[in-house]
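Before any comments, here is the structure.
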Amino acid sequence: MPERADLIDGDRLRERLVDLVRIPSVTGDEEAAIRRIADWLSEAGAEVDYWYDGIGKLVTDPDYPGHEVERAWVPVVSGQIRGTRPGPTILLTGHVDVVPPGDYSHWTHEPYAGVVEGDTLYGRGAADMKSGVIAALEAFETFIRGPRDFPGRVLFVAVPAEEDSGLGTLAAIRRGCVADAAIVTEPTEKNGQPELIIAHAGAMSCRIEINGLSAHASRRLMGQNALDHYLAVHEVLREGERVLNESERHPLMQSLRLPYATSVGTIHGGQWSSSVMDRLEIEVRIGVALDETTHEAKTRFERTLAQGLRSNAWLSEHPPQVHWRAAGFGSAQTRSDHPLISALCEAGESVFGAPPTVAAAPYGCDMSAWVRVGNVPTVVYGPGDIEQAHAPNEYVSLKNTERVARTLAKATERLLEADPTTFGLSS
């Protein structure tokens with residue numbers, strides 16, 4: 001009897017991936033991509049749940065992560081297939097939204113053309129993460145097309161709104177799409193083979209207002225230049241970043257060059273060259289450590305800022321105002337001896353010839369919601385190099401996408417046979 005992974009159809013995988021890349025599902029406009037996946041699930045014979053959650057409902061959720069793109073609805077689709085015997089539920093999931101392509105002149109091919117050259121598919125979302133979604137879908141469908149005599153059930157979920165918040169995954173969790181174990185198929189390739197991410201940092205963003213005092217430029221000593229005071233704030237941000245990273249004890253996070261980055265992304269200030277700048281505003285991205293919640297990260301950041309500026313006469317009397325844009329992605333981790341890790345390592349070795357490297361990541365993703373809100377042990381493993389994410393001429397290897405689909409099918413089959421009592425978040 002052929003193995004279930006042999007039911008992966010490379011031609012269908014390629015056609016679907018090209019089709020999905022050609023749908024410009026920029027965050028906030030994901031409905032067409034979600035609908036296409038719903039059609040594929042229905043055609044395959046899955047039990048399909050396709051729904052829209054109103055934004056008004058989600059913003060009142062106690063775990064609402066915030067959102068940056070205006071939207072009225074959050075479209076989500078799930079499919080499931082049940083085995084003939086009791087057993088665990090294994091979830092394969094990914095997001096369909098992509099970031100805007102940016103300056104088209106930096107692209108060799110039109111960003112949504114889905115151009116294939118040899119083994120390489122180019123296009124916005126090819127790596128982040130439509131290849132992962134299609135790999136997960138192909139692996140899921142092997143349980144529809146193959147023998148049904150397996151325990152438990154397999155669940156596939158495609159979500160929107162990952163790039164700006166993770167709101168789609170929250171909607172899926174509230175719908176009841178939870179499992180005993182989950183694999184998020186974000187891009188994790190390094191040197192041609194996906195790594196297995198079992199821990200990742202969180203990320204939050206805020207806006208900070210720094211006030212000065214205006215004066216005529218020729219009498220600048222009579223004023224307080226907000227830019228000068230920003231430089232003092234910047235030093236405090238850098239020191240806070242250093243202390244946070246030096247306190248990390250998780251060995252995989254320690255192996256990263258900078259586990260928790262604090263980055264100033266925008267600076268706006270001033271009204272006239274002949275006036276001392278009386279106000280400056282910055283937007284900042286901060287890291288969230290493994291051992292803290294997003295609320296604790298906020299408290300830590302605000303405390304560090306206040307303490308660091310205590311000796312600054314002007315800023316201690318006119319403290320910068322911090323406005324949080326969203327709760328953002330929390331951090332997450334799954335224990336290193338979880339069955340997810342052994343299943344994917346063995347499956348990856350059989351497909352790629354070597355087991356994946358078990359690693360951590362300095363960026364946030366939907367894993368955090370599955371772990372912290374859904375209480376689902378989760379790892380990240382998928383095709384595509386993270387360095388291609390959000391970049392011009394984004395691309396992915398079709399061969400590796402198919403290999404990942406085979407790996408997911410093998411790992412899922414193994415997990416379905418595992419003892420569900422061993423699947424807890426803690427040992």
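Note on naming: chains are A, B, ... as they come in the structure tokens, residues start from 1 per chain, ligands start from 1 in the order shown.
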
Find the residues near Leu20 in chain A: any atom within 7 Å, counting only C-alpha atoms, skip ones fewer than 3 places away on the same chain, and give them as a count of residues only.
5

Selection: 12 Å around range 371-377 of chain A, only C-alpha atoms, excl. self and same-chain fewer than 4 positions, as an NGL selection string:
:A and (61-65 or 88-92 or 166-167 or 169-184 or 198-200 or 202 or 290-294 or 329-341 or 365-367 or 420 or 422-427)

Using only C-alpha atoms for the distances, tell me which of A:His390, A:Lys190, A:Arg145, A:Arg85 is nearest to Val358 in chain A.
A:Lys190

What are the DSSP alpha helix (DSSP H) residues of range 204-269 of chain A, as number ranges by chain?
A: 226-246, 251-254

Could the residues in this selection be saved with N, CA and C atoms as a short mmCIF file (atom, residue, chain, number, x, y, z; two decimals), in the first residue's frame?
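Dumped to out23.cif:
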data_model
loop_
_atom_site.label_atom_id
_atom_site.label_comp_id
_atom_site.auth_asym_id
_atom_site.auth_seq_id
_atom_site.Cartn_x
_atom_site.Cartn_y
_atom_site.Cartn_z
N ALA A 226 12.89 69.12 21.09
CA ALA A 226 12.38 67.76 21.27
C ALA A 226 13.31 66.72 20.66
N LEU A 227 14.06 67.10 19.62
CA LEU A 227 14.98 66.15 19.01
C LEU A 227 16.12 65.80 19.96
N ASP A 228 16.64 66.80 20.67
CA ASP A 228 17.67 66.53 21.67
C ASP A 228 17.15 65.57 22.74
N HIS A 229 15.91 65.78 23.14
CA HIS A 229 15.34 64.92 24.18
C HIS A 229 15.03 63.52 23.64
N TYR A 230 14.73 63.45 22.35
CA TYR A 230 14.57 62.12 21.75
C TYR A 230 15.87 61.32 21.86
N LEU A 231 17.00 61.96 21.67
CA LEU A 231 18.27 61.25 21.76
C LEU A 231 18.47 60.64 23.15
N ALA A 232 18.00 61.35 24.16
CA ALA A 232 18.07 60.80 25.53
C ALA A 232 17.15 59.59 25.65
N VAL A 233 15.95 59.71 25.07
CA VAL A 233 15.01 58.58 25.08
C VAL A 233 15.62 57.39 24.35
N HIS A 234 16.26 57.65 23.21
CA HIS A 234 16.84 56.57 22.41
C HIS A 234 17.89 55.80 23.21
N GLU A 235 18.70 56.50 23.97
CA GLU A 235 19.70 55.84 24.80
C GLU A 235 19.05 54.92 25.83
N VAL A 236 17.94 55.37 26.41
CA VAL A 236 17.23 54.55 27.39
C VAL A 236 16.64 53.31 26.71
N LEU A 237 16.10 53.48 25.49
CA LEU A 237 15.55 52.33 24.76
C LEU A 237 16.63 51.29 24.49
N ARG A 238 17.81 51.75 24.09
CA ARG A 238 18.90 50.83 23.80
C ARG A 238 19.38 50.10 25.07
N GLU A 239 19.44 50.82 26.16
CA GLU A 239 19.86 50.19 27.42
C GLU A 239 18.82 49.17 27.87
N GLY A 240 17.54 49.50 27.74
CA GLY A 240 16.49 48.56 28.09
C GLY A 240 16.55 47.31 27.24
N GLU A 241 16.85 47.48 25.95
CA GLU A 241 17.01 46.34 25.05
C GLU A 241 18.15 45.45 25.51
N ARG A 242 19.27 46.06 25.87
CA ARG A 242 20.44 45.30 26.31
C ARG A 242 20.13 44.49 27.56
N VAL A 243 19.50 45.10 28.54
CA VAL A 243 19.21 44.42 29.80
C VAL A 243 18.24 43.26 29.56
N LEU A 244 17.23 43.48 28.75
CA LEU A 244 16.25 42.43 28.47
C LEU A 244 16.91 41.23 27.82
N ASN A 245 17.76 41.47 26.83
CA ASN A 245 18.39 40.35 26.12
C ASN A 245 19.40 39.62 26.98
N GLU A 246 20.12 40.35 27.82
CA GLU A 246 21.11 39.69 28.67
C GLU A 246 20.46 38.85 29.77
N PRO A 251 18.03 28.48 26.17
CA PRO A 251 19.23 28.27 25.34
C PRO A 251 19.01 28.57 23.85
N LEU A 252 17.83 28.26 23.32
CA LEU A 252 17.58 28.54 21.91
C LEU A 252 17.44 30.03 21.65
N MET A 253 16.84 30.76 22.58
CA MET A 253 16.75 32.20 22.43
C MET A 253 18.13 32.84 22.60
N GLN A 254 18.93 32.31 23.50
CA GLN A 254 20.28 32.84 23.71
C GLN A 254 21.15 32.69 22.46
#

Write out as a PDB file with N, CA and C atoms, in the first residue's frame the residues lying within 7 Å of Ala136 in chain A, counting only C-alpha atoms and excluding same-chain residues fewer than 4 positions away.
ATOM      1  N   LEU A  92      -3.400  21.914  11.264  1.00  0.00           N
ATOM      2  CA  LEU A  92      -2.462  22.532  10.318  1.00  0.00           C
ATOM      3  C   LEU A  92      -3.038  23.883   9.943  1.00  0.00           C
ATOM      4  N   THR A  93      -2.241  24.941  10.055  1.00  0.00           N
ATOM      5  CA  THR A  93      -2.831  26.270   9.885  1.00  0.00           C
ATOM      6  C   THR A  93      -1.831  27.285   9.344  1.00  0.00           C
ATOM      7  N   GLY A 132       3.225  27.864   2.478  1.00  0.00           N
ATOM      8  CA  GLY A 132       2.933  27.100   3.688  1.00  0.00           C
ATOM      9  C   GLY A 132       1.479  26.707   3.781  1.00  0.00           C
ATOM     10  N   PHE A 140      -3.295  17.979   4.519  1.00  0.00           N
ATOM     11  CA  PHE A 140      -4.632  17.741   5.073  1.00  0.00           C
ATOM     12  C   PHE A 140      -5.449  16.849   4.147  1.00  0.00           C
ATOM     13  N   THR A 185       2.494  26.835   9.503  1.00  0.00           N
ATOM     14  CA  THR A 185       3.435  26.599   8.403  1.00  0.00           C
ATOM     15  C   THR A 185       4.043  27.889   7.865  1.00  0.00           C
ATOM     16  N   ALA A 405       4.997  19.510   2.382  1.00  0.00           N
ATOM     17  CA  ALA A 405       3.676  18.869   2.400  1.00  0.00           C
ATOM     18  C   ALA A 405       3.798  17.394   2.767  1.00  0.00           C
ATOM     19  N   LEU A 408       4.623  17.136   6.475  1.00  0.00           N
ATOM     20  CA  LEU A 408       3.445  17.397   7.304  1.00  0.00           C
ATOM     21  C   LEU A 408       2.506  16.197   7.330  1.00  0.00           C
TER      22      LEU A 408
END

Of the listed residues A:Leu213, A:Leu41, A:Met129, A:Val77, that which approaches Val21 in chain A most closely, counting only C-alpha atoms:
A:Met129

Skip range 160-165 of chain A itself and residues of its chain fewer than 5 positions away, then list as a VMD selection string all residues within 8 Å of it, counting only C-alpha atoms.
chain A and resid 27 to 28 30 34 65 to 69 74 to 76 95 to 99 326 328 to 329 365 to 366

Mind checking which residues fall within 10 Å of Ala389 in chain A, counting only C-alpha atoms, ignoring those fewer than 2 positions away in the same chain, and posting them as a VMD selection string?
chain A and resid 98 to 99 124 to 129 186 to 187 384 to 387 391 to 395

Write the residues you've just listed into a file as a short mmCIF file (atom, residue, chain, number, x, y, z; two decimals), in the first residue's frame, and include N, CA and C atoms for each of them.
data_model
loop_
_atom_site.label_atom_id
_atom_site.label_comp_id
_atom_site.auth_asym_id
_atom_site.auth_seq_id
_atom_site.Cartn_x
_atom_site.Cartn_y
_atom_site.Cartn_z
N VAL A 98 -1.13 39.16 3.01
CA VAL A 98 0.23 39.54 2.65
C VAL A 98 0.40 41.03 2.87
N VAL A 99 1.67 41.46 2.95
CA VAL A 99 1.95 42.89 3.04
C VAL A 99 1.92 43.49 1.65
N ARG A 124 4.39 38.18 -4.42
CA ARG A 124 4.12 38.59 -3.04
C ARG A 124 3.30 37.50 -2.34
N GLY A 125 3.81 37.06 -1.21
CA GLY A 125 3.16 36.00 -0.45
C GLY A 125 3.66 34.61 -0.78
N ALA A 126 4.56 34.47 -1.78
CA ALA A 126 5.05 33.15 -2.16
C ALA A 126 5.68 32.44 -0.96
N ALA A 127 6.54 33.16 -0.23
CA ALA A 127 7.17 32.58 0.96
C ALA A 127 6.34 32.82 2.21
N ASP A 128 5.81 34.03 2.34
CA ASP A 128 5.10 34.43 3.55
C ASP A 128 3.64 34.72 3.25
N MET A 129 2.72 33.72 3.41
CA MET A 129 3.10 32.34 3.59
C MET A 129 2.16 31.43 2.80
N GLU A 186 4.44 28.77 8.76
CA GLU A 186 5.20 29.98 8.39
C GLU A 186 6.54 29.56 7.78
N PRO A 187 7.18 30.45 6.99
CA PRO A 187 8.47 30.09 6.41
C PRO A 187 9.57 29.97 7.45
N GLY A 384 9.93 28.09 2.48
CA GLY A 384 10.25 29.50 2.29
C GLY A 384 11.23 30.01 3.32
N ASP A 385 12.07 30.93 2.90
CA ASP A 385 13.07 31.55 3.77
C ASP A 385 12.48 32.83 4.35
N ILE A 386 12.57 33.00 5.68
CA ILE A 386 12.01 34.17 6.32
C ILE A 386 12.62 35.46 5.77
N GLU A 387 13.84 35.39 5.24
CA GLU A 387 14.47 36.58 4.67
C GLU A 387 13.75 37.05 3.41
N ALA A 391 9.92 41.09 1.23
CA ALA A 391 10.98 41.62 0.37
C ALA A 391 10.51 41.67 -1.09
N PRO A 392 11.10 42.56 -1.90
CA PRO A 392 10.81 42.52 -3.33
C PRO A 392 11.36 41.24 -3.94
N ASN A 393 10.72 40.78 -5.03
CA ASN A 393 11.12 39.53 -5.69
C ASN A 393 11.03 38.33 -4.75
N GLU A 394 10.07 38.38 -3.85
CA GLU A 394 9.83 37.26 -2.93
C GLU A 394 9.64 35.97 -3.73
N TYR A 395 10.22 34.89 -3.24
CA TYR A 395 10.12 33.63 -3.98
C TYR A 395 10.10 32.44 -3.03
#

Name the closest residue to Pro319 in chain A among the candidates A:Arg303, A:His109, A:Lys399, A:Arg14; distances are taken between atoms, counting only C-alpha atoms.
A:Arg303

What does the structure give for the distance between CA of Thr108 in chain A and CA of Thr120 in chain A, in Å to one decimal?
13.4 Å

Picked from range 196-396 of chain A by DSSP as strand (DSSP E or B), as a PDB file with C-alpha atoms, in the first residue's frame:
ATOM      1  CA  LEU A 196      11.599  23.593  13.467  1.00  0.00           C
ATOM      2  CA  ILE A 197      10.704  26.629  15.604  1.00  0.00           C
ATOM      3  CA  ILE A 198       9.573  25.738  19.119  1.00  0.00           C
ATOM      4  CA  ALA A 199       9.907  29.181  20.754  1.00  0.00           C
ATOM      5  CA  HIS A 200       9.549  32.737  19.519  1.00  0.00           C
ATOM      6  CA  GLY A 202       6.609  38.482  20.941  1.00  0.00           C
ATOM      7  CA  ALA A 203       6.295  41.912  19.372  1.00  0.00           C
ATOM      8  CA  MET A 204       4.320  45.034  20.274  1.00  0.00           C
ATOM      9  CA  SER A 205       4.204  48.554  18.910  1.00  0.00           C
ATOM     10  CA  CYS A 206       3.619  51.926  20.486  1.00  0.00           C
ATOM     11  CA  ARG A 207       3.719  55.614  19.688  1.00  0.00           C
ATOM     12  CA  ILE A 208       5.743  57.899  21.979  1.00  0.00           C
ATOM     13  CA  GLU A 209       5.218  61.666  22.152  1.00  0.00           C
ATOM     14  CA  ILE A 210       8.215  63.718  23.290  1.00  0.00           C
ATOM     15  CA  ASN A 211       7.543  67.364  24.128  1.00  0.00           C
ATOM     16  CA  LEU A 213       9.513  74.052  24.091  1.00  0.00           C
ATOM     17  CA  HIS A 216      13.068  81.237  17.613  1.00  0.00           C
ATOM     18  CA  GLN A 224      13.844  72.873  24.555  1.00  0.00           C
ATOM     19  CA  SER A 263      13.405  49.341  16.894  1.00  0.00           C
ATOM     20  CA  VAL A 264      12.365  52.918  16.166  1.00  0.00           C
ATOM     21  CA  GLY A 265      10.533  52.711  12.864  1.00  0.00           C
ATOM     22  CA  THR A 266       9.315  56.272  12.273  1.00  0.00           C
ATOM     23  CA  ILE A 267      10.182  59.771  13.519  1.00  0.00           C
ATOM     24  CA  HIS A 268       8.032  62.844  12.933  1.00  0.00           C
ATOM     25  CA  GLY A 269       8.643  66.290  14.367  1.00  0.00           C
ATOM     26  CA  SER A 275      11.644  77.277  15.145  1.00  0.00           C
ATOM     27  CA  ARG A 279       7.227  68.143  19.663  1.00  0.00           C
ATOM     28  CA  LEU A 280       8.466  64.868  18.235  1.00  0.00           C
ATOM     29  CA  GLU A 281       6.676  61.569  17.782  1.00  0.00           C
ATOM     30  CA  ILE A 282       8.214  58.140  17.231  1.00  0.00           C
ATOM     31  CA  GLU A 283       6.767  54.705  16.535  1.00  0.00           C
ATOM     32  CA  VAL A 284       8.564  51.873  18.285  1.00  0.00           C
ATOM     33  CA  ARG A 285       8.498  48.098  17.999  1.00  0.00           C
ATOM     34  CA  ILE A 286       9.514  46.256  21.168  1.00  0.00           C
ATOM     35  CA  GLY A 287      10.197  42.600  21.857  1.00  0.00           C
ATOM     36  CA  VAL A 288       8.228  40.485  24.333  1.00  0.00           C
ATOM     37  CA  GLN A 321       3.650  59.879  26.633  1.00  0.00           C
ATOM     38  CA  VAL A 322       3.390  56.241  25.531  1.00  0.00           C
ATOM     39  CA  HIS A 323       0.350  55.230  23.454  1.00  0.00           C
ATOM     40  CA  TRP A 324       0.052  51.522  22.739  1.00  0.00           C
ATOM     41  CA  ARG A 325      -1.193  50.735  19.258  1.00  0.00           C
ATOM     42  CA  ALA A 326      -2.155  47.142  19.943  1.00  0.00           C
ATOM     43  CA  ALA A 327      -1.458  44.240  22.248  1.00  0.00           C
ATOM     44  CA  GLY A 328       0.483  42.682  19.382  1.00  0.00           C
ATOM     45  CA  PHE A 329       1.912  39.183  19.318  1.00  0.00           C
ATOM     46  CA  ALA A 332       5.287  31.487  22.939  1.00  0.00           C
ATOM     47  CA  GLN A 333       7.123  28.241  23.503  1.00  0.00           C
ATOM     48  CA  VAL A 358      15.253  22.767  16.377  1.00  0.00           C
ATOM     49  CA  ALA A 359      15.452  26.519  16.837  1.00  0.00           C
ATOM     50  CA  ALA A 360      13.859  29.716  18.149  1.00  0.00           C
ATOM     51  CA  ALA A 361      12.801  32.877  16.313  1.00  0.00           C
ATOM     52  CA  THR A 378       2.232  24.591  18.697  1.00  0.00           C
ATOM     53  CA  VAL A 379       5.373  24.704  16.571  1.00  0.00           C
ATOM     54  CA  VAL A 380       6.301  26.556  13.378  1.00  0.00           C
ATOM     55  CA  ASP A 385      13.068  31.547   3.770  1.00  0.00           C
ATOM     56  CA  TYR A 395      10.117  33.632  -3.982  1.00  0.00           C
ATOM     57  CA  VAL A 396       9.794  30.035  -2.834  1.00  0.00           C
TER      58      VAL A 396
END

Please identify all polymer residues within 12 Å of Ala347 in chain A, counting only C-alpha atoms, omitting same-chain residues fewer than 5 positions from it, and present them as a VMD selection string.
chain A and resid 5 196 340 to 342 352 to 356 381 403 to 415

Give me the residues within 12 Å of Leu7 in chain A as number ranges by chain, counting only C-alpha atoms and dropping any in the same chain fewer than 4 places off.
A: 1-3, 11-13, 138-147, 402, 405-406, 409-410

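You can rank A:Glu189, A:Glu195, A:Glu417, A:Asp278 by their closest distance to Asn400 in chain A using only C-alpha atoms, and at the top of that list sits A:Glu189.
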
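Distance annotation: of A:Phe156, A:Val351, A:Arg82, A:Ala343, the residue with the minimal separation from Ala38 in chain A is A:Phe156; atom set is only C-alpha atoms.
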